[in-house]
Amino acid sequence: MLAFCGQDRVLVDANGRVKLPVHFVEDFLADGKGDVVFYCLPEGALAIYPEAVYSEMRRRSAEDIRAAAGSMLKRRDLRRVGAWSMSAQITRQGRLTLPQEFRLPTMLEPGCEAIVVGNEIGVEIWNLKRWQDELKLINEHEINRGDLELSQDLKLEN
């Protein structure tokens, strides 16, 4: 079965919690722990990754660590990721409390309709309106890429 695929609508309850759909809960609990990391994405959604996946994504070499000492950009990257990440644990019922600090920038306030979207390595929780806007951008981008690819192919044939 495919892990972390699909999309399901959810509501953010009065306490800022969401109940993840069962198939996503099963994906997160596959290792038996349910330890996750929230990451507030710059595009306005809240990513949730299994802790092991997040650790692998953020693995740094000794050279990267040394570079941070002399690079403001590297330090800012570390600062941004550190400030916008938080660990949590999914309950067996699939509930997660969204971090208070992440609710406003993601528009995931209590009472809002949201959508949980699988991204193959975890999930993203989007405000429903934001997701519709993002999906429109994704589709427009794919059409533009296809048009460009077709145009380049036609030039090669001539």
# chains A, B, ... in the order shown; residues from 1 in each chain; ligands from 1
>>> closest_atom_pairs(of="region 74-150 of chain A", to="region 24-40 of chain A", cutoff="7 Å", atoms="only C-alpha atoms", output="Markdown table")
| residue | atom | partner | partner_atom | distance |
| --- | --- | --- | --- | --- |
| A:Trp84 | CA | A:Cys40 | CA | 5.2 |
| A:Ser85 | CA | A:Tyr39 | CA | 4.5 |
| A:Met86 | CA | A:Phe38 | CA | 5.1 |
| A:Ser87 | CA | A:Val37 | CA | 4.3 |
| A:Ala88 | CA | A:Val36 | CA | 5.3 |
| A:Gln89 | CA | A:Asp35 | CA | 4.6 |
| A:Ile90 | CA | A:Gly34 | CA | 5.2 |
| A:Gly94 | CA | A:Val25 | CA | 5.6 |
| A:Phe102 | CA | A:Cys40 | CA | 6.3 |
>>> write_last_selection(atoms="all heavy atoms", output="PDB file, in the first residue's frame")
ATOM      1  N   TRP A  84      10.758  27.006  13.284  1.00  0.00           N
ATOM      2  CA  TRP A  84       9.497  26.562  12.710  1.00  0.00           C
ATOM      3  C   TRP A  84       9.305  25.055  12.781  1.00  0.00           C
ATOM      4  O   TRP A  84       8.489  24.498  12.057  1.00  0.00           O
ATOM      5  CB  TRP A  84       9.383  27.060  11.272  1.00  0.00           C
ATOM      6  CG  TRP A  84       9.152  28.536  11.200  1.00  0.00           C
ATOM      7  CD1 TRP A  84      10.065  29.481  10.837  1.00  0.00           C
ATOM      8  CD2 TRP A  84       7.964  29.243  11.549  1.00  0.00           C
ATOM      9  NE1 TRP A  84       9.494  30.731  10.921  1.00  0.00           N
ATOM     10  CE2 TRP A  84       8.200  30.614  11.356  1.00  0.00           C
ATOM     11  CE3 TRP A  84       6.705  28.847  12.005  1.00  0.00           C
ATOM     12  CZ2 TRP A  84       7.253  31.586  11.602  1.00  0.00           C
ATOM     13  CZ3 TRP A  84       5.748  29.813  12.250  1.00  0.00           C
ATOM     14  CH2 TRP A  84       6.021  31.166  12.041  1.00  0.00           C
ATOM     15  N   SER A  85      10.044  24.386  13.661  1.00  0.00           N
ATOM     16  CA  SER A  85       9.906  22.945  13.850  1.00  0.00           C
ATOM     17  C   SER A  85       9.579  22.648  15.300  1.00  0.00           C
ATOM     18  O   SER A  85      10.022  23.352  16.206  1.00  0.00           O
ATOM     19  CB  SER A  85      11.209  22.224  13.487  1.00  0.00           C
ATOM     20  OG  SER A  85      11.561  22.470  12.154  1.00  0.00           O
ATOM     21  N   MET A  86       8.802  21.585  15.515  1.00  0.00           N
ATOM     22  CA  MET A  86       8.435  21.192  16.879  1.00  0.00           C
ATOM     23  C   MET A  86       8.058  19.711  16.873  1.00  0.00           C
ATOM     24  O   MET A  86       7.346  19.253  15.976  1.00  0.00           O
ATOM     25  CB  MET A  86       7.250  22.034  17.353  1.00  0.00           C
ATOM     26  CG  MET A  86       6.815  21.746  18.767  1.00  0.00           C
ATOM     27  SD  MET A  86       5.434  22.814  19.257  1.00  0.00           S
ATOM     28  CE  MET A  86       6.252  24.400  19.292  1.00  0.00           C
ATOM     29  N   SER A  87       8.527  18.976  17.862  1.00  0.00           N
ATOM     30  CA  SER A  87       8.193  17.556  17.925  1.00  0.00           C
ATOM     31  C   SER A  87       6.856  17.358  18.638  1.00  0.00           C
ATOM     32  O   SER A  87       6.417  18.201  19.423  1.00  0.00           O
ATOM     33  CB  SER A  87       9.295  16.772  18.618  1.00  0.00           C
ATOM     34  OG  SER A  87       9.480  17.246  19.928  1.00  0.00           O
ATOM     35  N   ALA A  88       6.226  16.231  18.324  1.00  0.00           N
ATOM     36  CA  ALA A  88       4.926  15.889  18.920  1.00  0.00           C
ATOM     37  C   ALA A  88       4.751  14.384  18.809  1.00  0.00           C
ATOM     38  O   ALA A  88       5.614  13.680  18.270  1.00  0.00           O
ATOM     39  CB  ALA A  88       3.802  16.615  18.196  1.00  0.00           C
ATOM     40  N   GLN A  89       3.637  13.915  19.319  1.00  0.00           N
ATOM     41  CA  GLN A  89       3.321  12.497  19.195  1.00  0.00           C
ATOM     42  C   GLN A  89       1.839  12.361  18.868  1.00  0.00           C
ATOM     43  O   GLN A  89       0.996  13.024  19.474  1.00  0.00           O
ATOM     44  CB  GLN A  89       3.650  11.727  20.467  1.00  0.00           C
ATOM     45  CG  GLN A  89       3.552  10.235  20.279  1.00  0.00           C
ATOM     46  CD  GLN A  89       4.182   9.470  21.413  1.00  0.00           C
ATOM     47  OE1 GLN A  89       4.056   9.848  22.557  1.00  0.00           O
ATOM     48  NE2 GLN A  89       4.852   8.386  21.088  1.00  0.00           N
ATOM     49  N   ILE A  90       1.548  11.526  17.898  1.00  0.00           N
ATOM     50  CA  ILE A  90       0.168  11.269  17.507  1.00  0.00           C
ATOM     51  C   ILE A  90      -0.445  10.313  18.512  1.00  0.00           C
ATOM     52  O   ILE A  90       0.177   9.318  18.891  1.00  0.00           O
ATOM     53  CB  ILE A  90       0.118  10.641  16.097  1.00  0.00           C
ATOM     54  CG1 ILE A  90       0.640  11.623  15.072  1.00  0.00           C
ATOM     55  CG2 ILE A  90      -1.298  10.192  15.746  1.00  0.00           C
ATOM     56  CD1 ILE A  90       0.703  11.068  13.673  1.00  0.00           C
ATOM     57  N   GLY A  94      -5.356   9.247  16.646  1.00  0.00           N
ATOM     58  CA  GLY A  94      -4.984  10.056  15.510  1.00  0.00           C
ATOM     59  C   GLY A  94      -5.105  11.549  15.728  1.00  0.00           C
ATOM     60  O   GLY A  94      -5.130  12.320  14.785  1.00  0.00           O
ATOM     61  N   PHE A 102       2.030  28.173  15.236  1.00  0.00           N
ATOM     62  CA  PHE A 102       1.949  27.850  13.821  1.00  0.00           C
ATOM     63  C   PHE A 102       0.547  28.071  13.241  1.00  0.00           C
ATOM     64  O   PHE A 102       0.363  27.988  12.037  1.00  0.00           O
ATOM     65  CB  PHE A 102       2.360  26.401  13.573  1.00  0.00           C
ATOM     66  CG  PHE A 102       3.773  26.065  13.987  1.00  0.00           C
ATOM     67  CD1 PHE A 102       4.177  24.751  14.031  1.00  0.00           C
ATOM     68  CD2 PHE A 102       4.695  27.044  14.326  1.00  0.00           C
ATOM     69  CE1 PHE A 102       5.478  24.403  14.393  1.00  0.00           C
ATOM     70  CE2 PHE A 102       5.997  26.717  14.696  1.00  0.00           C
ATOM     71  CZ  PHE A 102       6.378  25.393  14.728  1.00  0.00           C
TER      72      PHE A 102
END
>>> select_by_dssp(residues="region 9-86 of chain A", states="helix (DSSP H, G or I)", output="PyMOL selection string")
chain A and resi 22-31+51-58+62-70+72-83
>>> select_by_dssp(residues="chain A", states="strand (DSSP E)", output="number ranges by chain")
A: 7-11, 17-19, 35-40, 46-50, 85-89, 95-97, 113-118, 123-127
>>> atom_distance(atom1="CA of Gly111 (chain A)", atom2="CA of Gly16 (chain A)")
8.1 Å
>>> residues_around(residues="Glu124 (chain A)", least_positions_apart="2", cutoff="9 Å", atoms="only C-alpha atoms", output="MDAnalysis selection string")
chainID A and resid 41 45:49 115:119 122 126
>>> residues_around(residues="Asn15 (chain A)", least_positions_apart="4", cutoff="10 Å", atoms="only C-alpha atoms", output="JSON, numbers by chain")
{"A": [97, 98, 100, 109, 110, 111]}
>>> atom_distance(atom1="CA of Lys19 (chain A)", atom2="CA of Cys5 (chain A)")
16.6 Å
>>> residues_around(residues="region 75-83 of chain A", least_positions_apart="3", cutoff="10 Å", atoms="only C-alpha atoms", output="PyMOL selection string")
chain A and resi 39-42+58+65+67-72+86+101
>>> atom_distance(atom1="CA of Glu113 (chain A)", atom2="CA of Asn127 (chain A)")
6.4 Å
>>> closest_residue(among="A:Glu157, A:Lys136, A:Val18, A:Phe4", to="Pro50 (chain A)", atoms="only C-alpha atoms")
A:Phe4
>>> closest_residue(among="A:Leu73, A:Leu20, A:Leu2, A:Val10", to="Arg95 (chain A)", atoms="only C-alpha atoms")
A:Leu20
>>> decode(residues="region 41-149 of chain A", atoms="C-alpha atoms", output="mmCIF file, in the first residue's frame")
data_model
loop_
_atom_site.group_PDB
_atom_site.id
_atom_site.type_symbol
_atom_site.label_atom_id
_atom_site.label_comp_id
_atom_site.auth_asym_id
_atom_site.auth_seq_id
_atom_site.Cartn_x
_atom_site.Cartn_y
_atom_site.Cartn_z
ATOM 1 C CA LEU A 41 6.198 25.592 5.622
ATOM 2 C CA PRO A 42 6.969 28.966 4.044
ATOM 3 C CA GLU A 43 4.130 28.412 1.546
ATOM 4 C CA GLY A 44 1.607 28.525 4.398
ATOM 5 C CA ALA A 45 0.921 24.906 5.349
ATOM 6 C CA LEU A 46 1.904 22.745 8.301
ATOM 7 C CA ALA A 47 4.002 19.697 7.376
ATOM 8 C CA ILE A 48 4.068 16.671 9.645
ATOM 9 C CA TYR A 49 6.890 14.205 9.145
ATOM 10 C CA PRO A 50 7.796 11.012 10.979
ATOM 11 C CA GLU A 51 10.686 11.955 13.252
ATOM 12 C CA ALA A 52 13.077 9.614 11.413
ATOM 13 C CA VAL A 53 12.207 11.209 8.046
ATOM 14 C CA TYR A 54 12.667 14.721 9.436
ATOM 15 C CA SER A 55 16.020 13.759 10.962
ATOM 16 C CA GLU A 56 17.186 12.367 7.632
ATOM 17 C CA MET A 57 16.053 15.528 5.807
ATOM 18 C CA ARG A 58 17.964 17.712 8.259
ATOM 19 C CA ARG A 59 21.111 15.557 8.545
ATOM 20 C CA ARG A 60 24.135 17.811 8.309
ATOM 21 C CA SER A 61 27.708 16.927 7.592
ATOM 22 C CA ALA A 62 30.571 18.209 9.738
ATOM 23 C CA GLU A 63 31.410 20.549 6.857
ATOM 24 C CA ASP A 64 27.880 22.045 6.913
ATOM 25 C CA ILE A 65 28.172 22.633 10.636
ATOM 26 C CA ARG A 66 31.549 24.348 10.274
ATOM 27 C CA ALA A 67 30.156 26.487 7.434
ATOM 28 C CA ALA A 68 27.417 27.807 9.747
ATOM 29 C CA ALA A 69 30.059 29.465 11.908
ATOM 30 C CA GLY A 70 31.148 31.676 9.032
ATOM 31 C CA SER A 71 27.952 32.097 7.042
ATOM 32 C CA MET A 72 25.042 34.311 7.985
ATOM 33 C CA LEU A 73 22.899 32.555 5.352
ATOM 34 C CA LYS A 74 23.619 29.122 6.825
ATOM 35 C CA ARG A 75 22.831 30.399 10.326
ATOM 36 C CA ARG A 76 19.589 31.954 9.086
ATOM 37 C CA ASP A 77 18.612 28.669 7.453
ATOM 38 C CA LEU A 78 19.278 26.787 10.697
ATOM 39 C CA ARG A 79 17.417 29.450 12.690
ATOM 40 C CA ARG A 80 14.392 29.367 10.366
ATOM 41 C CA VAL A 81 14.115 25.591 10.426
ATOM 42 C CA GLY A 82 14.718 25.403 14.171
ATOM 43 C CA ALA A 83 12.149 28.069 14.991
ATOM 44 C CA TRP A 84 9.497 26.562 12.710
ATOM 45 C CA SER A 85 9.906 22.945 13.850
ATOM 46 C CA MET A 86 8.435 21.192 16.879
ATOM 47 C CA SER A 87 8.193 17.556 17.925
ATOM 48 C CA ALA A 88 4.926 15.889 18.920
ATOM 49 C CA GLN A 89 3.321 12.497 19.195
ATOM 50 C CA ILE A 90 0.168 11.269 17.507
ATOM 51 C CA THR A 91 -2.358 9.677 19.836
ATOM 52 C CA ARG A 92 -3.667 6.220 18.992
ATOM 53 C CA GLN A 93 -6.916 7.976 18.043
ATOM 54 C CA GLY A 94 -4.984 10.056 15.510
ATOM 55 C CA ARG A 95 -5.299 13.407 17.269
ATOM 56 C CA LEU A 96 -2.686 16.139 17.100
ATOM 57 C CA THR A 97 -2.749 19.551 18.723
ATOM 58 C CA LEU A 98 -1.479 22.114 16.251
ATOM 59 C CA PRO A 99 1.183 24.318 17.842
ATOM 60 C CA GLN A 100 -0.290 27.697 18.796
ATOM 61 C CA GLU A 101 2.615 29.560 17.156
ATOM 62 C CA PHE A 102 1.949 27.850 13.821
ATOM 63 C CA ARG A 103 -1.817 28.405 13.608
ATOM 64 C CA LEU A 104 -1.854 32.032 12.468
ATOM 65 C CA PRO A 105 0.790 31.777 9.699
ATOM 66 C CA THR A 106 -0.922 28.644 8.335
ATOM 67 C CA MET A 107 -4.472 29.984 8.768
ATOM 68 C CA LEU A 108 -5.338 26.831 10.747
ATOM 69 C CA GLU A 109 -7.347 28.546 13.455
ATOM 70 C CA PRO A 110 -9.949 26.686 15.554
ATOM 71 C CA GLY A 111 -13.139 26.087 13.586
ATOM 72 C CA CYS A 112 -11.592 26.245 10.136
ATOM 73 C CA GLU A 113 -11.975 23.616 7.472
ATOM 74 C CA ALA A 114 -8.649 22.101 6.491
ATOM 75 C CA ILE A 115 -7.326 19.372 4.265
ATOM 76 C CA VAL A 116 -4.671 16.781 5.058
ATOM 77 C CA VAL A 117 -2.583 16.053 1.978
ATOM 78 C CA GLY A 118 -0.128 13.188 1.677
ATOM 79 C CA ASN A 119 3.261 14.089 0.221
ATOM 80 C CA GLU A 120 4.779 10.571 0.222
ATOM 81 C CA ILE A 121 7.159 11.279 3.145
ATOM 82 C CA GLY A 122 4.560 12.708 5.545
ATOM 83 C CA VAL A 123 1.503 14.916 5.346
ATOM 84 C CA GLU A 124 0.707 18.593 5.059
ATOM 85 C CA ILE A 125 -2.258 20.280 6.664
ATOM 86 C CA TRP A 126 -3.602 23.180 4.636
ATOM 87 C CA ASN A 127 -6.343 25.699 5.209
ATOM 88 C CA LEU A 128 -8.853 24.538 2.575
ATOM 89 C CA LYS A 129 -8.877 27.838 0.648
ATOM 90 C CA ARG A 130 -5.068 27.983 0.635
ATOM 91 C CA TRP A 131 -4.942 24.401 -0.634
ATOM 92 C CA GLN A 132 -7.297 25.232 -3.504
ATOM 93 C CA ASP A 133 -5.046 28.182 -4.439
ATOM 94 C CA GLU A 134 -1.917 25.989 -4.194
ATOM 95 C CA LEU A 135 -3.491 23.269 -6.314
ATOM 96 C CA LYS A 136 -4.345 25.861 -8.972
ATOM 97 C CA LEU A 137 -0.683 27.010 -8.993
ATOM 98 C CA ILE A 138 0.557 23.414 -9.226
ATOM 99 C CA ASN A 139 -1.753 22.671 -12.162
ATOM 100 C CA GLU A 140 -0.851 25.898 -13.991
ATOM 101 C CA HIS A 141 2.840 25.129 -13.487
ATOM 102 C CA GLU A 142 2.461 21.612 -14.904
ATOM 103 C CA ILE A 143 0.580 22.919 -17.950
ATOM 104 C CA ASN A 144 3.263 25.575 -18.538
ATOM 105 C CA ARG A 145 6.010 22.953 -18.213
ATOM 106 C CA GLY A 146 4.199 20.726 -20.695
ATOM 107 C CA ASP A 147 3.786 23.599 -23.151
ATOM 108 C CA LEU A 148 7.493 24.469 -22.833
ATOM 109 C CA GLU A 149 8.528 20.841 -23.329
#
